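One file, target30.cif, carrying mmCIF, C-alpha atoms:
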data_entry
loop_
_atom_site.group_PDB
_atom_site.id
_atom_site.type_symbol
_atom_site.label_atom_id
_atom_site.label_comp_id
_atom_site.auth_asym_id
_atom_site.auth_seq_id
_atom_site.Cartn_x
_atom_site.Cartn_y
_atom_site.Cartn_z
ATOM 1 C CA MET A 83 -57.318 9.146 -35.926
ATOM 2 C CA ALA A 84 -55.435 6.837 -38.328
ATOM 3 C CA ILE A 85 -53.839 3.659 -37.019
ATOM 4 C CA ASP A 86 -50.081 3.621 -36.812
ATOM 5 C CA GLU A 87 -48.516 1.523 -39.603
ATOM 6 C CA GLY A 88 -46.704 -0.882 -37.290
ATOM 7 C CA GLU A 89 -49.802 -1.403 -35.209
ATOM 8 C CA PHE A 90 -51.850 -1.983 -38.354
ATOM 9 C CA ARG A 91 -49.460 -4.686 -39.546
ATOM 10 C CA ARG A 92 -49.647 -6.363 -36.155
ATOM 11 C CA LEU A 93 -53.459 -6.343 -36.267
ATOM 12 C CA ILE A 94 -53.467 -7.984 -39.700
ATOM 13 C CA GLU A 95 -50.983 -10.623 -38.603
ATOM 14 C CA THR A 96 -52.987 -11.392 -35.488
ATOM 15 C CA HIS A 97 -56.448 -11.521 -36.996
ATOM 16 C CA GLN A 98 -55.976 -12.480 -40.660
ATOM 17 C CA ARG A 99 -56.898 -16.144 -40.109
ATOM 18 C CA MET A 100 -60.135 -15.264 -38.318
ATOM 19 C CA VAL A 101 -61.219 -12.651 -40.866
ATOM 20 C CA PHE A 102 -60.279 -14.831 -43.838
ATOM 21 C CA SER A 103 -62.038 -17.898 -42.386
ATOM 22 C CA ILE A 104 -65.282 -15.988 -41.798
ATOM 23 C CA ALA A 105 -65.182 -14.606 -45.349
ATOM 24 C CA LEU A 106 -64.334 -17.996 -46.857
ATOM 25 C CA ARG A 107 -67.061 -19.914 -45.066
ATOM 26 C CA ILE A 108 -69.806 -17.341 -45.545
ATOM 27 C CA ALA A 109 -68.978 -16.096 -49.045
ATOM 28 C CA GLY A 110 -67.814 -19.516 -50.169
ATOM 29 C CA GLU A 111 -65.073 -18.664 -52.678
ATOM 30 C CA TYR A 112 -61.358 -18.496 -51.992
ATOM 31 C CA SER A 113 -60.502 -15.508 -54.196
ATOM 32 C CA ASN A 114 -63.602 -13.644 -53.111
ATOM 33 C CA ALA A 115 -62.739 -14.333 -49.475
ATOM 34 C CA GLU A 116 -59.305 -12.748 -49.875
ATOM 35 C CA GLU A 117 -60.855 -9.651 -51.411
ATOM 36 C CA ILE A 118 -63.367 -9.382 -48.565
ATOM 37 C CA ALA A 119 -60.687 -9.887 -45.909
ATOM 38 C CA GLN A 120 -58.554 -7.202 -47.542
ATOM 39 C CA ASP A 121 -61.515 -4.781 -47.617
ATOM 40 C CA VAL A 122 -62.174 -5.413 -43.935
ATOM 41 C CA PHE A 123 -58.635 -4.470 -42.919
ATOM 42 C CA LEU A 124 -58.545 -1.462 -45.230
ATOM 43 C CA GLU A 125 -61.824 -0.243 -43.758
ATOM 44 C CA LEU A 126 -60.356 -0.612 -40.302
ATOM 45 C CA TYR A 127 -57.376 1.485 -41.383
ATOM 46 C CA ARG A 128 -59.471 4.124 -43.136
ATOM 47 C CA SER A 129 -62.077 4.421 -40.421
ATOM 48 C CA GLY A 130 -59.455 5.523 -37.943
ATOM 49 C CA GLU A 131 -61.769 4.181 -35.302
ATOM 50 C CA ARG A 132 -60.477 4.254 -31.777
ATOM 51 C CA LEU A 133 -60.542 0.577 -30.825
ATOM 52 C CA THR A 134 -59.742 -0.128 -27.236
ATOM 53 C CA GLY A 135 -58.205 -3.505 -26.561
ATOM 54 C CA GLU A 136 -58.025 -6.817 -28.405
ATOM 55 C CA ASP A 137 -61.640 -7.789 -27.653
ATOM 56 C CA HIS A 138 -62.921 -4.599 -29.225
ATOM 57 C CA VAL A 139 -60.726 -5.124 -32.300
ATOM 58 C CA ARG A 140 -61.840 -8.754 -32.616
ATOM 59 C CA TYR A 141 -65.496 -7.781 -32.296
ATOM 60 C CA TRP A 142 -65.128 -4.996 -34.904
ATOM 61 C CA LEU A 143 -63.325 -7.275 -37.372
ATOM 62 C CA ARG A 144 -65.795 -10.144 -36.907
ATOM 63 C CA ARG A 145 -68.736 -7.844 -37.485
ATOM 64 C CA ALA A 146 -67.186 -6.175 -40.544
ATOM 65 C CA ALA A 147 -66.125 -9.525 -42.044
ATOM 66 C CA THR A 148 -69.589 -11.013 -41.496
ATOM 67 C CA HIS A 149 -71.472 -8.086 -43.010
ATOM 68 C CA LYS A 150 -69.099 -7.729 -45.968
ATOM 69 C CA SER A 151 -69.352 -11.460 -46.683
ATOM 70 C CA ILE A 152 -73.160 -11.325 -46.583
ATOM 71 C CA ASP A 153 -73.122 -8.278 -48.887
ATOM 72 C CA SER A 154 -70.798 -10.029 -51.296
ATOM 73 C CA LEU A 155 -72.983 -13.122 -51.302
ATOM 74 C CA ARG A 156 -76.048 -11.043 -52.071
ATOM 75 C CA ARG A 157 -74.293 -8.999 -54.734
ATOM 76 C CA LYS A 158 -73.150 -12.088 -56.527
ATOM 77 C CA ALA A 159 -76.665 -13.444 -56.215
ATOM 78 C CA LEU A 160 -75.377 -16.843 -55.263
ATOM 79 C CA ARG A 161 -78.272 -18.982 -54.229
ATOM 80 C CA PRO A 162 -77.245 -21.556 -51.649
ATOM 81 C CA GLU A 163 -80.966 -21.926 -50.922
ATOM 82 C CA ALA A 164 -81.381 -23.649 -54.251
ATOM 83 C CA ALA A 165 -78.441 -25.888 -53.516
ATOM 84 C CA ALA A 166 -79.936 -26.785 -50.153
ATOM 85 C CA GLU A 167 -83.173 -27.814 -51.782
ATOM 86 C CA GLU A 168 -81.456 -29.929 -54.383
ATOM 87 C CA TRP A 169 -78.781 -31.440 -52.226
ATOM 88 C CA ILE A 170 -79.971 -35.011 -52.589
ATOM 89 C CA GLU A 171 -79.614 -34.941 -56.377
ATOM 90 C CA GLU A 172 -76.236 -33.241 -56.156
ATOM 91 C CA GLN A 173 -74.842 -35.653 -53.621
ATOM 92 C CA HIS A 174 -75.869 -38.815 -55.445
ATOM 93 C CA GLY A 175 -73.334 -38.145 -58.162
ATOM 94 C CA GLY A 176 -70.833 -36.379 -55.918
ATOM 95 C CA SER A 177 -67.276 -37.430 -55.269
ATOM 96 C CA GLU A 178 -66.172 -38.413 -51.818
ATOM 97 C CA GLY A 179 -63.047 -37.335 -50.011
ATOM 98 C CA PRO A 180 -60.766 -39.442 -47.858
ATOM 99 C CA GLU A 181 -63.058 -40.946 -45.316
ATOM 100 C CA GLY A 182 -62.579 -41.993 -41.746
ATOM 101 C CA SER A 183 -59.917 -39.365 -41.032
ATOM 102 C CA SER A 184 -60.944 -36.203 -39.242
ATOM 103 C CA PHE A 185 -59.423 -34.245 -42.147
ATOM 104 C CA GLY A 186 -61.716 -35.923 -44.637
ATOM 105 C CA ARG A 187 -64.679 -35.456 -42.334
ATOM 106 C CA GLY A 188 -63.845 -31.766 -41.936
ATOM 107 C CA VAL A 189 -63.618 -31.215 -45.671
ATOM 108 C CA GLN A 190 -66.938 -32.947 -46.219
ATOM 109 C CA LEU A 191 -68.645 -30.983 -43.462
ATOM 110 C CA GLU A 192 -67.346 -27.771 -45.010
ATOM 111 C CA THR A 193 -68.740 -28.791 -48.361
ATOM 112 C CA LEU A 194 -72.117 -29.467 -46.777
ATOM 113 C CA LEU A 195 -71.957 -26.107 -44.988
ATOM 114 C CA ARG A 196 -71.665 -24.323 -48.346
ATOM 115 C CA GLY A 197 -75.054 -25.686 -49.300
ATOM 116 C CA LEU A 198 -76.840 -24.102 -46.338
ATOM 117 C CA PRO A 199 -79.088 -21.100 -46.893
ATOM 118 C CA GLU A 200 -77.375 -17.787 -46.105
ATOM 119 C CA ALA A 201 -79.140 -17.048 -42.806
ATOM 120 C CA MET A 202 -78.353 -20.502 -41.399
ATOM 121 C CA ARG A 203 -74.815 -20.550 -42.720
ATOM 122 C CA VAL A 204 -73.938 -17.227 -41.089
ATOM 123 C CA VAL A 205 -75.091 -18.252 -37.621
ATOM 124 C CA VAL A 206 -73.515 -21.715 -37.895
ATOM 125 C CA VAL A 207 -70.164 -20.135 -38.832
ATOM 126 C CA LEU A 208 -70.333 -17.612 -36.003
ATOM 127 C CA ARG A 209 -71.418 -20.267 -33.486
ATOM 128 C CA TYR A 210 -69.051 -23.105 -34.386
ATOM 129 C CA GLN A 211 -66.091 -21.279 -35.878
ATOM 130 C CA GLU A 212 -66.069 -18.199 -33.688
ATOM 131 C CA GLU A 213 -67.663 -19.933 -30.695
ATOM 132 C CA MET A 214 -70.016 -17.004 -30.154
ATOM 133 C CA LEU A 215 -73.132 -17.328 -28.014
ATOM 134 C CA PRO A 216 -76.555 -16.937 -29.669
ATOM 135 C CA GLU A 217 -77.024 -13.675 -27.732
ATOM 136 C CA GLU A 218 -73.751 -12.284 -29.111
ATOM 137 C CA ILE A 219 -74.654 -13.374 -32.650
ATOM 138 C CA ALA A 220 -78.090 -11.758 -32.329
ATOM 139 C CA SER A 221 -76.563 -8.502 -31.169
ATOM 140 C CA MET A 222 -74.016 -8.505 -34.001
ATOM 141 C CA LEU A 223 -76.539 -9.279 -36.727
ATOM 142 C CA GLY A 224 -79.307 -7.095 -35.301
ATOM 143 C CA GLN A 225 -81.663 -10.075 -35.019
ATOM 144 C CA SER A 226 -83.679 -11.484 -32.158
ATOM 145 C CA VAL A 227 -82.126 -14.257 -30.077
ATOM 146 C CA ALA A 228 -85.092 -16.486 -30.942
ATOM 147 C CA SER A 229 -84.441 -16.027 -34.656
ATOM 148 C CA VAL A 230 -80.741 -16.824 -34.252
ATOM 149 C CA LYS A 231 -81.536 -19.961 -32.231
ATOM 150 C CA SER A 232 -84.051 -21.037 -34.841
ATOM 151 C CA HIS A 233 -81.543 -20.583 -37.701
ATOM 152 C CA LEU A 234 -78.970 -22.465 -35.674
ATOM 153 C CA ARG A 235 -81.316 -25.358 -34.929
ATOM 154 C CA ASN A 236 -82.501 -25.624 -38.524
ATOM 155 C CA GLY A 237 -78.977 -25.271 -39.890
ATOM 156 C CA LEU A 238 -77.697 -28.084 -37.692
ATOM 157 C CA LYS A 239 -80.677 -30.262 -38.559
ATOM 158 C CA LEU A 240 -80.094 -29.752 -42.275
ATOM 159 C CA LEU A 241 -76.373 -30.422 -41.925
ATOM 160 C CA ARG A 242 -76.984 -33.606 -39.946
ATOM 161 C CA ARG A 243 -79.463 -34.853 -42.515
ATOM 162 C CA LYS A 244 -77.051 -34.173 -45.319
ATOM 163 C CA ALA A 245 -74.283 -35.895 -43.383
ATOM 164 C CA ALA A 246 -76.539 -38.886 -42.708
ATOM 165 C CA VAL A 247 -76.957 -39.359 -46.461
ATOM 166 C CA THR A 248 -73.484 -38.539 -47.712
ATOM 167 C CA MET A 249 -70.932 -39.337 -45.007
ATOM 168 C CA LYS A 250 -70.165 -42.916 -44.068
ATOM 169 C CA GLU A 251 -69.694 -42.419 -40.332
ATOM 170 C CA TYR A 252 -73.034 -40.628 -40.008
ATOM 171 C CA ILE A 253 -74.783 -43.115 -42.302
ATOM 172 C CA ARG A 254 -73.683 -45.860 -39.935
ATOM 173 C CA GLU A 255 -74.883 -43.815 -36.993
ATOM 174 C CA SER A 256 -78.264 -43.144 -38.503
ATOM 175 C CA ILE A 257 -78.715 -46.835 -39.294
ATOM 176 C CA GLY A 258 -77.311 -48.092 -36.014
ATOM 177 C CA MET B 180 -89.319 -32.567 -27.946
ATOM 178 C CA ASN B 181 -87.141 -34.702 -25.670
ATOM 179 C CA LEU B 182 -84.182 -36.424 -27.219
ATOM 180 C CA SER B 183 -83.114 -39.874 -26.126
ATOM 181 C CA ASP B 184 -79.651 -40.292 -24.580
ATOM 182 C CA ASP B 185 -78.420 -41.832 -27.798
ATOM 183 C CA GLU B 186 -79.754 -38.986 -29.908
ATOM 184 C CA MET B 187 -78.260 -36.489 -27.494
ATOM 185 C CA ARG B 188 -74.879 -38.221 -27.689
ATOM 186 C CA LYS B 189 -74.988 -38.146 -31.512
ATOM 187 C CA GLU B 190 -75.944 -34.483 -31.474
ATOM 188 C CA VAL B 191 -73.085 -33.586 -29.160
ATOM 189 C CA ARG B 192 -70.644 -35.587 -31.290
ATOM 190 C CA PHE B 193 -71.865 -33.922 -34.453
ATOM 191 C CA GLU B 194 -71.450 -30.477 -32.927
ATOM 192 C CA HIS B 195 -67.950 -31.426 -31.792
ATOM 193 C CA ASP B 196 -67.050 -32.638 -35.305
ATOM 194 C CA LEU B 197 -68.434 -29.440 -36.761
ATOM 195 C CA MET B 198 -66.396 -27.327 -34.389
ATOM 196 C CA CYS B 199 -63.248 -29.265 -35.315
ATOM 197 C CA ALA B 200 -64.031 -28.879 -39.026
ATOM 198 C CA MET B 201 -64.440 -25.161 -38.637
ATOM 199 C CA ARG B 202 -61.055 -24.237 -37.266
ATOM 200 C CA HIS B 203 -59.520 -21.059 -38.633
ATOM 201 C CA VAL B 204 -57.729 -21.557 -41.928
ATOM 202 C CA ASP B 205 -54.589 -19.745 -43.043
ATOM 203 C CA ALA B 206 -54.996 -16.605 -45.109
ATOM 204 C CA PRO B 207 -53.383 -16.808 -48.579
ATOM 205 C CA HIS B 208 -49.603 -16.500 -48.699
ATOM 206 C CA GLY B 209 -48.450 -12.855 -48.742
ATOM 207 C CA PHE B 210 -51.793 -11.545 -47.516
ATOM 208 C CA VAL B 211 -50.308 -9.133 -44.973
ATOM 209 C CA ASN B 212 -48.014 -7.505 -47.543
ATOM 210 C CA ARG B 213 -50.809 -7.199 -50.069
ATOM 211 C CA VAL B 214 -52.993 -5.381 -47.533
ATOM 212 C CA MET B 215 -50.110 -3.114 -46.541
ATOM 213 C CA ASN B 216 -49.471 -2.252 -50.210
ATOM 214 C CA ALA B 217 -53.153 -1.684 -50.890
ATOM 215 C CA LYS B 218 -53.280 0.598 -47.879
ATOM 216 C CA GLY B 219 -50.543 2.735 -49.419
ATOM 217 C CA VAL B 220 -52.232 2.966 -52.807
ATOM 218 C CA ALA B 221 -55.941 2.889 -52.226
ATOM 219 C CA ALA B 222 -56.385 3.910 -48.652
ATOM 220 C CA GLU B 223 -55.762 7.300 -47.129
ATOM 221 C CA PRO B 224 -55.738 8.151 -43.497
ATOM 222 C CA ALA B 225 -59.131 9.265 -42.208
ATOM 223 C CA ARG B 226 -58.000 12.867 -41.753
ATOM 224 C CA ALA B 227 -57.052 13.289 -45.430
ATOM 225 C CA ILE B 228 -60.364 11.828 -46.507
ATOM 226 C CA SER B 229 -62.363 14.006 -44.160
ATOM 227 C CA MET B 230 -60.385 17.080 -45.332
ATOM 228 C CA ARG B 231 -61.164 16.266 -48.951
ATOM 229 C CA GLN B 232 -64.807 15.684 -48.084
ATOM 230 C CA THR B 233 -64.945 19.043 -46.328
ATOM 231 C CA VAL B 234 -63.427 20.838 -49.322
ATOM 232 C CA ARG B 235 -65.836 19.056 -51.658
ATOM 233 C CA ALA B 236 -68.781 20.008 -49.425
ATOM 234 C CA TRP B 237 -67.718 23.660 -49.374
ATOM 235 C CA LEU B 238 -67.228 23.658 -53.134
ATOM 236 C CA THR B 239 -70.658 22.124 -53.696
ATOM 237 C CA GLY B 240 -72.165 24.679 -51.334
ATOM 238 C CA ALA B 241 -70.458 27.562 -53.117
ATOM 239 C CA ILE B 242 -71.641 26.364 -56.530
ATOM 240 C CA ALA B 243 -75.191 25.932 -55.233
ATOM 241 C CA ALA B 244 -75.121 29.409 -53.661
ATOM 242 C CA GLY B 245 -73.761 30.860 -56.914
ATOM 243 C CA LEU B 246 -76.562 29.248 -58.870
ATOM 244 C CA VAL B 247 -79.198 30.589 -56.463
ATOM 245 C CA VAL B 248 -77.749 34.116 -56.653
ATOM 246 C CA GLY B 249 -77.614 33.868 -60.451
ATOM 247 C CA VAL B 250 -81.229 32.750 -60.698
ATOM 248 C CA LEU B 251 -82.376 35.523 -58.318
ATOM 249 C CA PHE B 252 -80.408 38.128 -60.265
ATOM 250 C CA ALA B 253 -81.883 36.994 -63.593
ATOM 251 C CA GLU B 254 -85.355 37.085 -62.111
ATOM 252 C CA GLN B 255 -84.791 40.591 -60.749
ATOM 253 C CA GLN B 256 -83.569 41.744 -64.156
ATOM 254 C CA HIS B 257 -86.580 40.230 -65.830
ATOM 255 C CA LEU B 258 -88.982 41.951 -63.386
ATOM 256 C CA ARG B 259 -87.189 45.263 -63.832
ATOM 257 C CA ARG B 260 -87.422 44.966 -67.615
ATOM 258 C CA GLN B 261 -91.103 44.124 -67.361
ATOM 259 C CA ARG B 262 -91.682 47.162 -65.142
ATOM 260 C CA GLU B 263 -89.804 49.414 -67.528
ATOM 261 C CA GLU B 264 -91.813 48.148 -70.482
ATOM 262 C CA MET B 265 -95.048 48.705 -68.611
ATOM 263 C CA VAL B 266 -94.030 52.251 -67.669
ATOM 264 C CA GLN B 267 -93.069 52.917 -71.278
ATOM 265 C CA ARG B 268 -96.433 51.607 -72.475
ATOM 266 C CA GLN B 269 -98.288 53.728 -69.904
ATOM 267 C CA PHE B 270 -96.246 56.748 -70.952
ATOM 268 C CA GLU B 271 -97.060 56.166 -74.612
ATOM 269 C CA VAL B 272 -100.773 55.763 -73.836
ATOM 270 C CA ALA B 273 -100.714 58.947 -71.742
ATOM 271 C CA LEU B 274 -98.898 60.738 -74.553
ATOM 272 C CA ARG B 275 -101.471 59.598 -77.097
ATOM 273 C CA ILE B 276 -104.327 60.730 -74.828
ATOM 274 C CA THR B 277 -102.654 64.090 -74.293
ATOM 275 C CA ASP B 278 -102.057 64.522 -78.029
ATOM 276 C CA HIS B 279 -105.632 63.607 -78.678
ATOM 277 C CA ALA B 280 -106.881 66.064 -76.036
ATOM 278 C CA LEU B 281 -104.638 68.802 -77.379
ATOM 279 C CA GLU B 282 -105.812 68.154 -80.906
ATOM 280 C CA HIS B 283 -109.404 68.289 -79.727
ATOM 281 C CA THR B 284 -108.806 71.567 -77.873
ATOM 282 C CA ARG B 285 -107.003 73.004 -80.873
ATOM 283 C CA GLU B 286 -109.944 72.120 -83.096
ATOM 284 C CA GLN B 287 -112.393 73.692 -80.674
ATOM 285 C CA LEU B 288 -110.283 76.840 -80.471
ATOM 286 C CA ALA B 289 -110.046 76.965 -84.239
ATOM 287 C CA ARG B 290 -113.789 76.541 -84.523
ATOM 288 C CA ALA B 291 -114.383 79.237 -81.916
ATOM 289 C CA ALA B 292 -111.989 81.605 -83.724
ATOM 290 C CA SER B 293 -113.655 81.118 -87.040
ATOM 291 C CA GLY B 294 -117.113 81.701 -85.396
ATOM 292 C CA PHE B 295 -115.785 84.862 -83.854
ATOM 293 C CA GLY B 296 -114.582 86.146 -87.186
ATOM 294 C CA ASP B 297 -117.943 85.575 -88.822
#
Would you mind writing the file out in structure tokens?
Amino acid sequence: MAIDEGEFRRLIETHQRMVFSIALRIAGEYSNAEEIAQDVFLELYRSGERLTGEDHVRYWLRRAATHKSIDSLRRKALRPEAAAEEWIEEQHGGSEGPEGSSFGRGVQLETLLRGLPEAMRVVVVLRYQEEMLPEEIASMLGQSVASVKSHLRNGLKLLRRKAAVTMKEYIRESIG
Amino acid sequence: MNLSDDEMRKEVRFEHDLMCAMRHVDAPHGFVNRVMNAKGVAAEPARAISMRQTVRAWLTGAIAAGLVVGVLFAEQQHLRRQREEMVQRQFEVALRITDHALEHTREQLARAASGFGD
């Protein structure tokens, strides 16, 4: 059964930020993220799936956005793994944003996030952006809870190490 | 591995910073309208798609069935022709044998007649 046009518009308006943010942070490119987000909503429309309630819709959109972003990343053969391994060299010559402010800190953390390997990046985005529990992430990705927790732990560790080298406030912390 | 209170505090603060950094961002301007337009052009309601898929499946099935019938018919024709040729060959062999036998009989009769006359 196709979704009614008015209802479809409402769903896009309600969930566009979530879907776009997942695509942007996993796939890593602005234009690519818009394309993915658009595909997600069009698939929802085409599927004619009977979604009952906002939670069901949110779950469906999150799952579709995550899987499409992972697919896009793999298709484009982007290798964040390589970036993660070479992050020290990259960051030595890197430019720094406005520091001290939470805005600057956020931008820098996002930049560091882009360097995480795919598996870690996906769970970090779902955990800290979508505030999903490891059990929910595991169920969505079809992985074991232990594997999700391990990716999460390693992802955070890698991010903290990067931050300790590149971001003033964390450098101070790691020294102090 | 047990973390010290200080380490724990830093960890919690880092997670909090990360959560703040990862707030939802706005979709590009005009996103909703672009999706609505794309829906009109590229997307079709599920029923239309499933109808088209059904027609395509039936068409594929009909073509496949037609091909199978055609192949079977050609094979039947070929077998029939082979049978006819074999029958024809057998008939010709039988005819030659009969001719030969008749010729032989005729010769014997002729010989017997000439012996009779002597």
Do you have, as CSV, the list of residues of chain A lying at most 8 Å from chain B, each with its nearest atom pair and that distance in Å to one decimal, counting only C-alpha atoms and ordered by chain then number?
residue,atom,partner,partner_atom,distance
A:Met83,CA,B:Ala225,CA,6.5
A:Ala84,CA,B:Pro224,CA,5.3
A:Arg91,CA,B:Val211,CA,7.1
A:Ile94,CA,B:Val211,CA,6.3
A:Glu95,CA,B:Val211,CA,6.6
A:Gln98,CA,B:Ala206,CA,6.1
A:Arg99,CA,B:Asp205,CA,5.2
A:Met100,CA,B:His203,CA,5.8
A:Phe102,CA,B:Ala206,CA,5.7
A:Ser103,CA,B:His203,CA,5.5
A:Glu116,CA,B:Pro207,CA,7.3
A:Gln120,CA,B:Val214,CA,5.9
A:Phe123,CA,B:Val214,CA,7.3
A:Leu124,CA,B:Lys218,CA,6.2
A:Tyr127,CA,B:Pro224,CA,7.2
A:Arg128,CA,B:Ala225,CA,5.2
A:Ser129,CA,B:Ala225,CA,5.9
A:Gly130,CA,B:Ala225,CA,5.7
A:Ser184,CA,B:Ala200,CA,8.0
A:Phe185,CA,B:Ala200,CA,7.7
A:Arg187,CA,B:Ala200,CA,7.4
A:Gly188,CA,B:Ala200,CA,4.1
A:Val189,CA,B:Ala200,CA,7.1
A:Leu191,CA,B:Ala200,CA,6.7
A:Glu192,CA,B:Ala200,CA,6.9
A:Val207,CA,B:Met201,CA,7.6
A:Tyr210,CA,B:Met198,CA,5.0
A:Gln211,CA,B:Met201,CA,5.0
A:Arg242,CA,B:Phe193,CA,7.5
A:Glu255,CA,B:Lys189,CA,7.9
Output of the above residues as a PDB file, keeping the file's coordinate frame, restricted to C-alpha atoms:
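Contents of selection-v8.pdb, freshly written:
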ATOM      1  CA  MET A  83     -57.318   9.146 -35.926  1.00  0.00           C
ATOM      2  CA  ALA A  84     -55.435   6.837 -38.328  1.00  0.00           C
ATOM      3  CA  ARG A  91     -49.460  -4.686 -39.546  1.00  0.00           C
ATOM      4  CA  ILE A  94     -53.467  -7.984 -39.700  1.00  0.00           C
ATOM      5  CA  GLU A  95     -50.983 -10.623 -38.603  1.00  0.00           C
ATOM      6  CA  GLN A  98     -55.976 -12.480 -40.660  1.00  0.00           C
ATOM      7  CA  ARG A  99     -56.898 -16.144 -40.109  1.00  0.00           C
ATOM      8  CA  MET A 100     -60.135 -15.264 -38.318  1.00  0.00           C
ATOM      9  CA  PHE A 102     -60.279 -14.831 -43.838  1.00  0.00           C
ATOM     10  CA  SER A 103     -62.038 -17.898 -42.386  1.00  0.00           C
ATOM     11  CA  GLU A 116     -59.305 -12.748 -49.875  1.00  0.00           C
ATOM     12  CA  GLN A 120     -58.554  -7.202 -47.542  1.00  0.00           C
ATOM     13  CA  PHE A 123     -58.635  -4.470 -42.919  1.00  0.00           C
ATOM     14  CA  LEU A 124     -58.545  -1.462 -45.230  1.00  0.00           C
ATOM     15  CA  TYR A 127     -57.376   1.485 -41.383  1.00  0.00           C
ATOM     16  CA  ARG A 128     -59.471   4.124 -43.136  1.00  0.00           C
ATOM     17  CA  SER A 129     -62.077   4.421 -40.421  1.00  0.00           C
ATOM     18  CA  GLY A 130     -59.455   5.523 -37.943  1.00  0.00           C
ATOM     19  CA  SER A 184     -60.944 -36.203 -39.242  1.00  0.00           C
ATOM     20  CA  PHE A 185     -59.423 -34.245 -42.147  1.00  0.00           C
ATOM     21  CA  ARG A 187     -64.679 -35.456 -42.334  1.00  0.00           C
ATOM     22  CA  GLY A 188     -63.845 -31.766 -41.936  1.00  0.00           C
ATOM     23  CA  VAL A 189     -63.618 -31.215 -45.671  1.00  0.00           C
ATOM     24  CA  LEU A 191     -68.645 -30.983 -43.462  1.00  0.00           C
ATOM     25  CA  GLU A 192     -67.346 -27.771 -45.010  1.00  0.00           C
ATOM     26  CA  VAL A 207     -70.164 -20.135 -38.832  1.00  0.00           C
ATOM     27  CA  TYR A 210     -69.051 -23.105 -34.386  1.00  0.00           C
ATOM     28  CA  GLN A 211     -66.091 -21.279 -35.878  1.00  0.00           C
ATOM     29  CA  ARG A 242     -76.984 -33.606 -39.946  1.00  0.00           C
ATOM     30  CA  GLU A 255     -74.883 -43.815 -36.993  1.00  0.00           C
TER      31      GLU A 255
END
Computed interatomic separation between CA of Leu106 in chain A and CA of Val204 in chain A (Å):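 So the answer is 11.2 Å.
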Straight-line distance linking CA of Glu125 in chain A with CA of Arg235 in chain B, stated in Å to one decimal: 21.2 Å
Straight-line distance linking CA of Glu111 in chain A with CA of Asp137 in chain A, stated in Å to one decimal: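 So the answer is 27.5 Å.
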Residues within 10 Å of (-67.0, -8.6, -39.5), counting all atoms listed in the file, listed as a CSV table (one decimal) with C-alpha atoms, in the frame of the given file:
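Generated output (part_1.csv):
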chain,number,residue,atom,x,y,z
A,100,MET,CA,-60.1,-15.3,-38.3
A,101,VAL,CA,-61.2,-12.7,-40.9
A,104,ILE,CA,-65.3,-16.0,-41.8
A,105,ALA,CA,-65.2,-14.6,-45.3
A,118,ILE,CA,-63.4,-9.4,-48.6
A,119,ALA,CA,-60.7,-9.9,-45.9
A,122,VAL,CA,-62.2,-5.4,-43.9
A,123,PHE,CA,-58.6,-4.5,-42.9
A,140,ARG,CA,-61.8,-8.8,-32.6
A,141,TYR,CA,-65.5,-7.8,-32.3
A,142,TRP,CA,-65.1,-5.0,-34.9
A,143,LEU,CA,-63.3,-7.3,-37.4
A,144,ARG,CA,-65.8,-10.1,-36.9
A,145,ARG,CA,-68.7,-7.8,-37.5
A,146,ALA,CA,-67.2,-6.2,-40.5
A,147,ALA,CA,-66.1,-9.5,-42.0
A,148,THR,CA,-69.6,-11.0,-41.5
A,149,HIS,CA,-71.5,-8.1,-43.0
A,150,LYS,CA,-69.1,-7.7,-46.0
A,151,SER,CA,-69.4,-11.5,-46.7
A,152,ILE,CA,-73.2,-11.3,-46.6
A,222,MET,CA,-74.0,-8.5,-34.0
A,223,LEU,CA,-76.5,-9.3,-36.7
Target residues per the PyMOL selection byres ((chain A and resi 231-233) around 9), formatted as a ChimeraX atom specification: /A:201-206,216-217,220,226-230,234-238
Would you mind exporting C-alpha atoms of the selected residues as a PDB file, keeping the file's coordinate frame?
ATOM      1  CA  ALA A 201     -79.140 -17.048 -42.806  1.00  0.00           C
ATOM      2  CA  MET A 202     -78.353 -20.502 -41.399  1.00  0.00           C
ATOM      3  CA  ARG A 203     -74.815 -20.550 -42.720  1.00  0.00           C
ATOM      4  CA  VAL A 204     -73.938 -17.227 -41.089  1.00  0.00           C
ATOM      5  CA  VAL A 205     -75.091 -18.252 -37.621  1.00  0.00           C
ATOM      6  CA  VAL A 206     -73.515 -21.715 -37.895  1.00  0.00           C
ATOM      7  CA  PRO A 216     -76.555 -16.937 -29.669  1.00  0.00           C
ATOM      8  CA  GLU A 217     -77.024 -13.675 -27.732  1.00  0.00           C
ATOM      9  CA  ALA A 220     -78.090 -11.758 -32.329  1.00  0.00           C
ATOM     10  CA  SER A 226     -83.679 -11.484 -32.158  1.00  0.00           C
ATOM     11  CA  VAL A 227     -82.126 -14.257 -30.077  1.00  0.00           C
ATOM     12  CA  ALA A 228     -85.092 -16.486 -30.942  1.00  0.00           C
ATOM     13  CA  SER A 229     -84.441 -16.027 -34.656  1.00  0.00           C
ATOM     14  CA  VAL A 230     -80.741 -16.824 -34.252  1.00  0.00           C
ATOM     15  CA  LEU A 234     -78.970 -22.465 -35.674  1.00  0.00           C
ATOM     16  CA  ARG A 235     -81.316 -25.358 -34.929  1.00  0.00           C
ATOM     17  CA  ASN A 236     -82.501 -25.624 -38.524  1.00  0.00           C
ATOM     18  CA  GLY A 237     -78.977 -25.271 -39.890  1.00  0.00           C
ATOM     19  CA  LEU A 238     -77.697 -28.084 -37.692  1.00  0.00           C
TER      20      LEU A 238
END
Around all the atoms of range 235-238 of chain B listed in the file, draw an axis-aligned box and extend it by 3 Å on each of the six sides; I want its centre and edge lengths in Å to one decimal, as lines of an AutoDock Vina configuration file.
center_x = -67.3
center_y = 21.4
center_z = -51.3
size_x = 8.9
size_y = 10.6
size_z = 9.8
